[in-house]
Every structure is written in C-alpha cells, then in structure tokens.
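See below for the structure under consideration.
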Amino acid sequence: MKKPAYLLLFPGALFLAVFMVVPIATIILSTFANDGSVSLAGYTSFFTDSYTLGILGTTLKISLISTLICILLGYPTAYYISRTSVSRRGIYLALAIFPLLTSAIVRSFSWMVTLGKTGLINTLLLQLHVIDKPLQILYTETSIIIGMVHLFLPLMIISLIGVMENIDGDLMQAAASLGASRFKAFVKVVLPLSIPGLLVGSTLVLVGSLTAYATPQLLGGKKRVLATLLFQNTMTLNDWKAASIIATIMIAITFLLIGVMNALAKKLNPNG
Amino acid sequence: MKEKHTLLGWITFLVFLFLLGPLVIIIGASFGPDNYLTFPPNGFSLKWYENVFHVEMFWTSFKISMLVALLGIVLSFLLGIPAAYALSRYQFKGKGFFTSFFISPIIIPGIVFGYGLLKYLVITYHIPIFPGVLIGHVVIMIPYVIRVISSSLMNFDYSVEEAAMSLGASRLKTFFVVVLPNIRSGIIAGILLAFLESFNNVDVSVFMTGPGVSTLPISMLNYVEYYFDPTIAAISVLFMLMTAVLIAAIERTLGLRFFTK
C-alpha cells in the first residue's frame, strides 16, 4: 500500500521542486558567491548602508504596528462574532471573507479614493472646517499602515473565529456559576484557550505585511519597503545582486518567524 | 446577557465599517462624472464603465488573465488531486513533510517567488513570459487545490472505495466512478478559489511582463501610474461583483466555514 502514495505525490512534488525550490535556492546561494569564493560582502553592504537599513527599519515598524492594530481590533471582533447566533455568525463571516478575497489592488484603490486630496476624509474635514487645506494622508507611512490593516484584519478575524467557536460556552457558564465575574471568566477561560489562534493569526499578519507588495506600492508613494525595493532593484535598476540579498533576507525573516511560532505553539500545547 | 456585549458590538460595527466602507466609497466614486476620483460624486454617469471596455490594455490583459487562470486550474488540478488523494488516503513515511511541502507556496513570500521565477526561468533559461506566468500561477494554486480537496476527502468513506474494488473495478475506475463524484462540490469550490487566487495575483505576475503580455491586475497597476480617473473605480466595482458571485458559489458548494479551519 505504500507505493501508490509516492507515485501520486511525485508529479506535484517534482513540479514544486523544479519551479519553486530550485529558483529560490539558486537565489539564496548566489548571494554568498563572489567571483568563485564564498563571501558575505553583499550582506555587509546591506546592513551598513543607511538607506537600505532605513528601509528595513520602516518595513519592520509598519509590519509590527499593523499586526498590533490587527490584534487589538480583530480579537474583540472575533470574540463578539463567535458569541452571536449561528445565522448572524454566517453573515459576519461572509462580510469578512468578501474583503479577504477581493483583489489587493482594488482594496488599495479604495483607500486611494478615500484618503486622497478629494477623497471622503478630506472632503468631510474641510466641510466641517476642521482643516482649511487638504491633509496629506495618502503616500505616507500612515496610509501604508491603514492599507495593511485593511488587507490583513479579515485574516486575523477569521483565524480567531475558528478557535473561539470551539471554546465551549458551558465552560464560561460554569466559571460564572462558580462566582467568577464575566471579565474574570474571560481572562481565565477564553484568553488561554484562544492564544494558539492568536499566535497563528499574528504570524500570518506579520509575515504577510513584511512581504506585501501591492499595498505599499500604491499607498506608499515614494516611501519604500523591502518588497518595493526588491521590485525597484530588479525592474528599474537591474541590480540583481542587491535584489537577491533582499529576497534572501525576506525568506530568512519569514522562516524565522514561522519557526518561532511553531516552537511557541508546541510549548503552549505539548500534546500536539 | 446581550447588553453586556454593547461595547464589543460597537467595536465590531466600527471594524466592519472600516473593512467595507472604502469599498462602498469606490462604488460611489465609479459613478462620478468628473475626470478625477472624488467622493461623494458630483453627479451620475456610466461613462467610466464604458471606458473600461475601451482601454485596449485592459482587454488584452483580461484575456491573458483568463487564459492563465483556466490553464492554471487544469494543470494545478492534474498535479494536485492525486497528491491530495494520496495525503488523505494513505499512511506513509514523510507524510507530514509532504503535506507541508505542498502547502508551502502559501508561506513563501510571493514577491520573492516571482523574482526567483523571473531570474531562473526568464533570464537564465530564456523561457518566454507566458509559460513563465502560467508556471508561477500553477505553483501558487496548488496549495488551494490540496486544502480544498483534502478537506472534502476527509468526509469520504473509503470503505465504499474498497467495496467497488472488491466487486472488480480497477483502482483508476474506482477513483473516477466512486471517489470523484463524491467530492464534486469540493472540486467546484477548489476551481473557484484557485481562479480567484490566480486572477487577483500581483506578486508573481508583476515580474512577468513583456511586450503584449501582462495580467489584468498588472495593467491596472500600470494604468494608475498615468491616470487616476474613475475608470479605475469602475473596473474595481467589476472585480468586486465577480468576487461576490464567486463567494456565493463557494458558500453553496464548500460552505464558508471552510475558511475558519
């Protein structure tokens, strides 16, 4: 019975190996090669150049803030949704899935319309005489963060709903009947049980926002992040060496974060 | 019980206002008569919808996007269904590894993968752009095929399959006559999800552009670099309509609960 499994897996595995693993491995290896010898010169120049370091810093800052906002907004929302009736839950779920599956470009466009000089926010503030000339919100770090939160908040909500739904409502009632306040029951019952979901959701958002391209490209103006710098190095500057260094750094960050998440998840749940 | 949820209810309301508000705004802006995007619009006009169909770049890239998505679905299903079947049907050494391996294209940053394909396929091996995009899209569709098909196979009772085989049906015939019809709704949902994943993709396609070849999202990116008029809002509304229809179809086949798993 063992052989058919490998035979069935083979075509797909080969395809992924040739067209995904090999290209990426080639890029990673190429960053250590320098005229036939092993060298870290590319990395030294990346980590000593204040321009590239600044972009790395901006990328990390934007991603961390976006992830934090996604946690702060997503957690209470998912908790609320998981406690409503089944039919309402279905509606909320559909409303969260709709933006999730809508093109990232369309979602960035919608923020360009909303935040632009003639957009809703500026029109509203002008008419209310809060400001007397339009604010520059678009093409700043703030607009990238808004776009990132919009991009990843549905993902956070949906991964948390999955976990919170499985928390037995009876457990909460039991805690309450034993005299725990609503808040205490939440802290003692829901919070610990939802940590694994929160961990997975946060990692997805963090990795996603560290590597997202379309949103910072459209909402960031001249502000660069790693993904847009990688694109610029490739398509505009033809600096393949620098592009490969950035690509390798992004892969390394991704695997590091996922490794940390897996290790933490194992620690929290030793049974598996 | 209900009243204690008021604060949470308000947060939820504001979160959905944030998530859906801009999408409503872009719908409004698509009907504006002015040459620039503004909300609220200063009138009502359908001319931007007409314009979407007059921008030649959109038409050519729409056809390419459709072709890539449809060919990509065929290829990713040919590669993915046998793998999904093997992963849910058999116990074997390295099962955990293969499961992660087939899901890994979701985790690899799309922009890094797109760059890798450009450098490896197009620059090093001179593979033309179109097969390059197609290969990239097949890779990113495979995890969706695996996840959706595996999830439908989880509810499949393999003893039915054994019964068919003991009655003399070949392994292959059993698969097509017994297994496949039972996971039909999973296959339909998989097609829809894979289609959306391909049709919306930016990160891989953005590196794969050449004379006369680019996908629709990339044409839209290029268009806004020069014009920021309501044509962009109109085409966005068309995208949202398509997404809504596909989500309704996914709800009817796989059920939206799939996403919370």
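In the structure tokens, each chain is lettered A, B, ... as it comes, each chain's residues begin at 1, and ligands are numbered from 1 in order of appearance.
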
List as CSV every residue of chain A that is in contact with chain B, defined as an atom at most 6 Å from one of its atoms (using only C-alpha atoms), together with the nearest atom pair and the distance in Å rounded to one decimal, sorted by chain and then rising number.
residue,atom,partner,partner_atom,distance
A:Ala5,CA,B:Ala86,CA,4.8
A:Leu8,CA,B:Pro82,CA,5.0
A:Leu9,CA,B:Ala83,CA,4.6
A:Gly12,CA,B:Leu79,CA,4.7
A:Pro23,CA,B:Gly116,CA,5.0
A:Ile24,CA,B:Gly116,CA,5.5
A:Thr77,CA,B:Thr12,CA,4.8
A:Tyr80,CA,B:Leu8,CA,6.0
A:Ser103,CA,B:Asn200,CA,5.0
A:Val106,CA,B:Ser236,CA,5.3
A:Ser110,CA,B:Pro22,CA,5.1
A:Thr118,CA,B:Thr38,CA,5.3
A:Gly119,CA,B:Phe39,CA,5.4
A:Leu120,CA,B:Phe39,CA,5.3
A:Ile158,CA,B:Thr260,CA,5.5
A:Ser159,CA,B:Thr260,CA,5.6
A:Gly162,CA,B:Thr260,CA,4.5
A:Thr211,CA,B:Pro109,CA,6.0
A:Ala247,CA,B:Val112,CA,5.3

Find the residues around Val213 of chain B up to 9 Å (only C-alpha atoms counted), leave out those fewer than 5 positions away in its own chain, and share them as number ranges by chain.
B: 60-61, 64, 129-130, 208

Write out as a PDB file with C-alpha atoms, in the first residue's frame all residues of segment 149-236 of chain A that DSSP puts in alpha helix (DSSP H) for this structure's backbone.
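Written file, result-v2.pdb:
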ATOM      1  CA  VAL A 149      -4.560  46.596   8.425  1.00  0.00           C
ATOM      2  CA  HIS A 150      -7.343  46.550   5.826  1.00  0.00           C
ATOM      3  CA  LEU A 151      -5.517  43.805   3.948  1.00  0.00           C
ATOM      4  CA  PHE A 152      -4.901  41.500   6.908  1.00  0.00           C
ATOM      5  CA  LEU A 153      -7.593  42.228   9.508  1.00  0.00           C
ATOM      6  CA  PRO A 154     -10.092  39.831   7.838  1.00  0.00           C
ATOM      7  CA  LEU A 155      -7.471  37.068   8.022  1.00  0.00           C
ATOM      8  CA  MET A 156      -6.955  37.731  11.733  1.00  0.00           C
ATOM      9  CA  ILE A 157     -10.704  37.785  12.441  1.00  0.00           C
ATOM     10  CA  ILE A 158     -11.326  34.597  10.503  1.00  0.00           C
ATOM     11  CA  SER A 159      -8.476  32.639  12.125  1.00  0.00           C
ATOM     12  CA  LEU A 160      -9.648  33.754  15.578  1.00  0.00           C
ATOM     13  CA  ILE A 161     -13.306  32.880  14.935  1.00  0.00           C
ATOM     14  CA  GLY A 162     -12.200  29.329  14.126  1.00  0.00           C
ATOM     15  CA  VAL A 163     -10.549  28.957  17.537  1.00  0.00           C
ATOM     16  CA  MET A 164     -13.067  30.868  19.646  1.00  0.00           C
ATOM     17  CA  GLU A 165     -16.047  28.955  18.302  1.00  0.00           C
ATOM     18  CA  GLY A 169     -19.917  28.171  26.062  1.00  0.00           C
ATOM     19  CA  ASP A 170     -20.673  25.874  29.011  1.00  0.00           C
ATOM     20  CA  LEU A 171     -17.174  26.475  30.329  1.00  0.00           C
ATOM     21  CA  MET A 172     -17.942  30.198  30.592  1.00  0.00           C
ATOM     22  CA  GLN A 173     -21.254  29.452  32.318  1.00  0.00           C
ATOM     23  CA  ALA A 174     -19.518  27.080  34.710  1.00  0.00           C
ATOM     24  CA  ALA A 175     -16.960  29.734  35.577  1.00  0.00           C
ATOM     25  CA  ALA A 176     -19.743  32.274  36.083  1.00  0.00           C
ATOM     26  CA  SER A 177     -21.812  29.938  38.229  1.00  0.00           C
ATOM     27  CA  ARG A 182     -17.651  37.961  33.342  1.00  0.00           C
ATOM     28  CA  PHE A 183     -14.266  39.568  32.910  1.00  0.00           C
ATOM     29  CA  LYS A 184     -12.517  37.041  35.120  1.00  0.00           C
ATOM     30  CA  ALA A 185     -14.180  34.152  33.310  1.00  0.00           C
ATOM     31  CA  LEU A 191      -7.920  34.033  26.759  1.00  0.00           C
ATOM     32  CA  PRO A 192      -5.722  30.973  27.429  1.00  0.00           C
ATOM     33  CA  LEU A 193      -7.731  28.813  25.014  1.00  0.00           C
ATOM     34  CA  SER A 194      -7.528  31.381  22.228  1.00  0.00           C
ATOM     35  CA  ILE A 195      -3.769  32.025  22.463  1.00  0.00           C
ATOM     36  CA  PRO A 196      -2.854  29.406  19.813  1.00  0.00           C
ATOM     37  CA  GLY A 197      -5.232  31.020  17.302  1.00  0.00           C
ATOM     38  CA  LEU A 198      -3.924  34.448  18.168  1.00  0.00           C
ATOM     39  CA  LEU A 199      -0.376  33.217  17.606  1.00  0.00           C
ATOM     40  CA  VAL A 200      -1.160  31.773  14.175  1.00  0.00           C
ATOM     41  CA  GLY A 201      -3.165  34.852  13.151  1.00  0.00           C
ATOM     42  CA  SER A 202      -0.437  37.263  14.287  1.00  0.00           C
ATOM     43  CA  THR A 203       2.288  35.341  12.477  1.00  0.00           C
ATOM     44  CA  LEU A 204       0.244  35.312   9.262  1.00  0.00           C
ATOM     45  CA  VAL A 205      -0.325  39.065   9.518  1.00  0.00           C
ATOM     46  CA  LEU A 206       3.282  39.837  10.436  1.00  0.00           C
ATOM     47  CA  VAL A 207       4.797  37.724   7.651  1.00  0.00           C
ATOM     48  CA  GLY A 208       2.182  38.989   5.207  1.00  0.00           C
ATOM     49  CA  SER A 209       2.777  42.658   5.954  1.00  0.00           C
ATOM     50  CA  LEU A 210       6.574  42.261   5.924  1.00  0.00           C
ATOM     51  CA  THR A 211       6.408  40.959   2.362  1.00  0.00           C
ATOM     52  CA  ALA A 214       0.850  45.939  -3.989  1.00  0.00           C
ATOM     53  CA  THR A 215      -0.361  47.889  -0.947  1.00  0.00           C
ATOM     54  CA  PRO A 216       2.888  49.786  -0.175  1.00  0.00           C
ATOM     55  CA  GLN A 217       3.454  50.284  -3.902  1.00  0.00           C
ATOM     56  CA  LEU A 218       0.082  52.004  -4.345  1.00  0.00           C
ATOM     57  CA  LEU A 219      -0.350  53.730  -0.985  1.00  0.00           C
ATOM     58  CA  LEU A 226      11.602  45.788   1.355  1.00  0.00           C
ATOM     59  CA  ALA A 227       9.141  44.390  -1.202  1.00  0.00           C
ATOM     60  CA  THR A 228       9.012  47.568  -3.300  1.00  0.00           C
ATOM     61  CA  LEU A 229      12.798  47.966  -3.007  1.00  0.00           C
ATOM     62  CA  LEU A 230      13.229  44.397  -4.308  1.00  0.00           C
ATOM     63  CA  PHE A 231      10.999  45.246  -7.264  1.00  0.00           C
TER      64      PHE A 231
END

Between A:Ala94, A:Ile144, A:Leu101, A:Ile249, single out the one closest to Tyr43 of chain A, counting only C-alpha atoms.
A:Ile249

Of the listed residues B:Met57, B:Ile183, B:Ile73, B:Val178, that which approaches Asn155 of chain B most closely, counting only C-alpha atoms:
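For Asn155 of chain B, the nearest of the candidates is B:Ile183.
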
Can you tell me, as a list in words, what residues are no more than 6 Å from Ala69 of chain B when counting only C-alpha atoms, ignoring any on the same chain fewer than 2 positions away?
Met66, Leu67, Leu71, Gly72, Phe195 and Ser198 of chain B

Those selected residues, please, written with all heavy atoms and delivered as a CSV table (one decimal), in the first residue's frame.
chain,number,residue,atom,x,y,z
B,66,MET,N,-7.5,35.5,-18.0
B,66,MET,CA,-8.4,34.3,-18.1
B,66,MET,C,-7.7,33.1,-18.5
B,66,MET,O,-7.9,32.0,-18.0
B,66,MET,CB,-9.6,34.7,-19.1
B,66,MET,CG,-10.6,35.7,-18.6
B,66,MET,SD,-11.4,35.2,-17.0
B,66,MET,CE,-12.6,34.2,-17.6
B,67,LEU,N,-6.9,33.2,-19.6
B,67,LEU,CA,-6.2,32.1,-20.1
B,67,LEU,C,-5.2,31.5,-19.1
B,67,LEU,O,-5.2,30.2,-18.9
B,67,LEU,CB,-5.4,32.5,-21.3
B,67,LEU,CG,-4.9,31.4,-22.3
B,67,LEU,CD1,-6.2,30.7,-22.8
B,67,LEU,CD2,-4.1,32.0,-23.4
B,71,LEU,N,-6.0,27.7,-17.7
B,71,LEU,CA,-5.0,26.7,-17.9
B,71,LEU,C,-4.3,26.3,-16.6
B,71,LEU,O,-4.0,25.1,-16.3
B,71,LEU,CB,-3.9,27.2,-18.9
B,71,LEU,CG,-4.2,27.3,-20.4
B,71,LEU,CD1,-3.1,27.9,-21.1
B,71,LEU,CD2,-4.5,25.9,-20.9
B,72,GLY,N,-4.1,27.3,-15.7
B,72,GLY,CA,-3.5,27.0,-14.4
B,72,GLY,C,-4.4,26.1,-13.6
B,72,GLY,O,-3.9,25.2,-12.9
B,195,PHE,N,-9.2,30.0,-9.0
B,195,PHE,CA,-9.4,31.1,-10.0
B,195,PHE,C,-9.1,32.4,-9.4
B,195,PHE,O,-8.4,33.3,-10.0
B,195,PHE,CB,-10.8,31.0,-10.6
B,195,PHE,CG,-11.1,32.1,-11.6
B,195,PHE,CD1,-10.8,32.0,-12.9
B,195,PHE,CD2,-11.7,33.3,-11.1
B,195,PHE,CE1,-11.0,33.0,-13.8
B,195,PHE,CE2,-12.0,34.3,-12.0
B,195,PHE,CZ,-11.6,34.2,-13.3
B,198,SER,N,-5.5,33.1,-8.7
B,198,SER,CA,-4.7,33.4,-9.9
B,198,SER,C,-5.1,34.8,-10.5
B,198,SER,O,-4.3,35.6,-10.8
B,198,SER,CB,-5.0,32.4,-11.0
B,198,SER,OG,-4.6,32.8,-12.3

Contact residues around Trp111 of chain A with only C-alpha atoms at 8 Å, ignoring same-chain residues under 3 positions, as an MDAnalysis selection string
(chainID A and resid 107:108 114:116 147 219) or (chainID B and resid 22)

Take atom CA of Thr140 of chain A and atom CA of Lys222 of chain A and report the distance between them in Å, one decimal.
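Interatomic distance, atom CA of Thr140 of chain A to atom CA of Lys222 of chain A: 8.4 Å.
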
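With only C-alpha atoms as the atoms that count, the residue of A:Ile65, A:Val130, A:Ile81, A:Ile97 with the shortest distance to Thr142 of chain A is A:Ile65.
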